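A.B. asks: Got a structure here, written out as structure tokens. Questions coming.
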Amino acid sequence: MGDPLLAIEDLAVAFPTGRRGEMARVVDGVWLTLNRGETMGIVGESGSGKSLTALSVLRLVPEPGRIVKGRIALEGQDLLALPEKALRHVRGGRIAMVFQDPMTSLNPVFTVGEQIAEAVRAHRGLRGRAAWAEAVNALRRVHIALPERRARQYPHELSGGMRQRVMIAIALACRPDVLLADEPTTALDVTVQAQIVALIGELRRDTGMAVVLITHDLGVVAETCDRVLVLYAGQVMEQADVHTLFAAPRHPYTQALLASLPETAPDDAARLPFIAGQPPSAAQAPTGCPFRPRCPKAMPGICEKPLPTTTLAPGHVVRCHLYPAEDKGT
Ligand code: SF4
């Protein structure tokens, strides 16, 4: 077997705590592999390290944060070791990113057509009319009506849903191998959310790109993802294919997330449900399992110890003392 399209190994991202040179890990030991055409969902509460994991792939961790450990490889090529100039071709080229709020990512002083054409020029070498034609095409592909006219408009002239489509059009105009979509629908109303999710799925099928979908919304995960990574306080709690995760979650945190999920989740009721207590901040994470203070199954004297990583079945990994590393049963 060749290299996976994208592989993250033992990633750690740290920020200064404010105490004399001390750094706290807000992402700690995260790993995932992604194959062509696959969609990997990353779920977790705010501050669980979902976005920082995605930003790490493009080396865009905001200052003063730093990647302090790990390897991120695109078809075997180590992105963390790549010179900045070479990485710029990967960013927006082979790996594209769509953020939650398109207003902060679109430039208000250029038309949307110019912004797409610029991406096409930078990454595909097309010029002049050819770049413009490709920009219009990209708008058509994301189902924007009257794309020639819309291409000449500025971001503030478009609705939120349309701006998000423009962001996806920019991302896809460069025909990326990987799309990192960070809460791409959160700011949108429910109907538009469903349209955007369907659109990403359609484009994935058409182009064979792989998608990393970061979301609070378990309903979206169930509908669109092949595999799921559950993060808590910057650490992997469970990773499984989507059917296994929903049918037989093994980690108490995953179980808590799913237990309060309505069977037929209307509208936004499928967002991460309430679990009593708060996730710890990185600087105050307890020793051993970070979920310990909120876990109904916590075992005193055991869960303070470093977490084992247990493969329960091929592709189903859990990190919890209920499943000691030598236990291979399901
Ligand atoms: Fe709960 Fe212990 Fe498992 Fe953590 S390790 S999830 S505290 S049972």
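Following the order of the structure tokens, chains are lettered A, B, ..., residues in each are numbered from 1, and ligands are numbered from 1.
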With only C-alpha atoms and all ligand atoms counted, collect every polymer residue having an atom within 7 Å of ligand 1; state the result as number ranges by chain.

C.D. replies: A: 251-253, 289-292, 295-299, 303, 307, 320-322

A.B. asks: Env of Val192 in chain A: 10 Å cut, atoms = only C-alpha atoms, seq-sep filter 4 positions within chain, self excluded. Answer as JSON, numbers by chain.

C.D. replies: {"A": [160, 161, 162, 164, 165, 185, 187, 188, 196, 197, 198]}

A.B. asks: For range 108-110 of chain A, please output as a PyMOL selection string all residues within 7 Å (counting only C-alpha atoms; exclusion window: fewer than 3 positions along the same chain).

C.D. replies: chain A and resi 114-115+154-155

A.B. asks: Using N, CA and C atoms, can you write the selected residues to a file as a CSV table (one decimal), in the first residue's frame?

C.D. replies:
```csv
chain,number,residue,atom,x,y,z
A,114,GLU,N,-12.7,38.4,-9.3
A,114,GLU,CA,-11.2,38.7,-9.2
A,114,GLU,C,-10.5,37.8,-8.2
A,115,GLN,N,-11.2,37.6,-7.1
A,115,GLN,CA,-10.6,36.8,-6.0
A,115,GLN,C,-10.4,35.3,-6.4
A,154,TYR,N,-19.2,42.5,-5.3
A,154,TYR,CA,-18.3,42.5,-4.2
A,154,TYR,C,-18.9,41.6,-3.1
A,155,PRO,N,-18.1,41.1,-2.2
A,155,PRO,CA,-18.6,40.2,-1.1
A,155,PRO,C,-19.8,40.8,-0.4
```

A.B. asks: Can you measure CA of Ala151 in chain A to CA of Leu58 in chain A for me? One decimal in Å is fine.

C.D. replies: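 CA of Leu58 in chain A lies 27.7 Å from CA of Ala151 in chain A.
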
A.B. asks: From range 119-275 of chain A, collect each residue whose DSSP state is strand (DSSP E or B) and return the set as a PyMOL selection string.

C.D. replies: chain A and resi 178-182+210-215+217+227-232+235-241+271

A.B. asks: Go through A:Ala138, A:Met40, A:Val57, A:Leu203 one by one, measure the shortest atom-to-atom distance of each to Ala240 in chain A using only C-alpha atoms, and give the residue with the smallest value.

C.D. replies: A:Met40

A.B. asks: As an exercise, work out the distance from CA of Val166 in chain A to CA of Arg36 in chain A in Å and give it to one decimal place.

C.D. replies: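 Computing the Euclidean distance for CA of Val166 in chain A and CA of Arg36 in chain A yields 23.7 Å.
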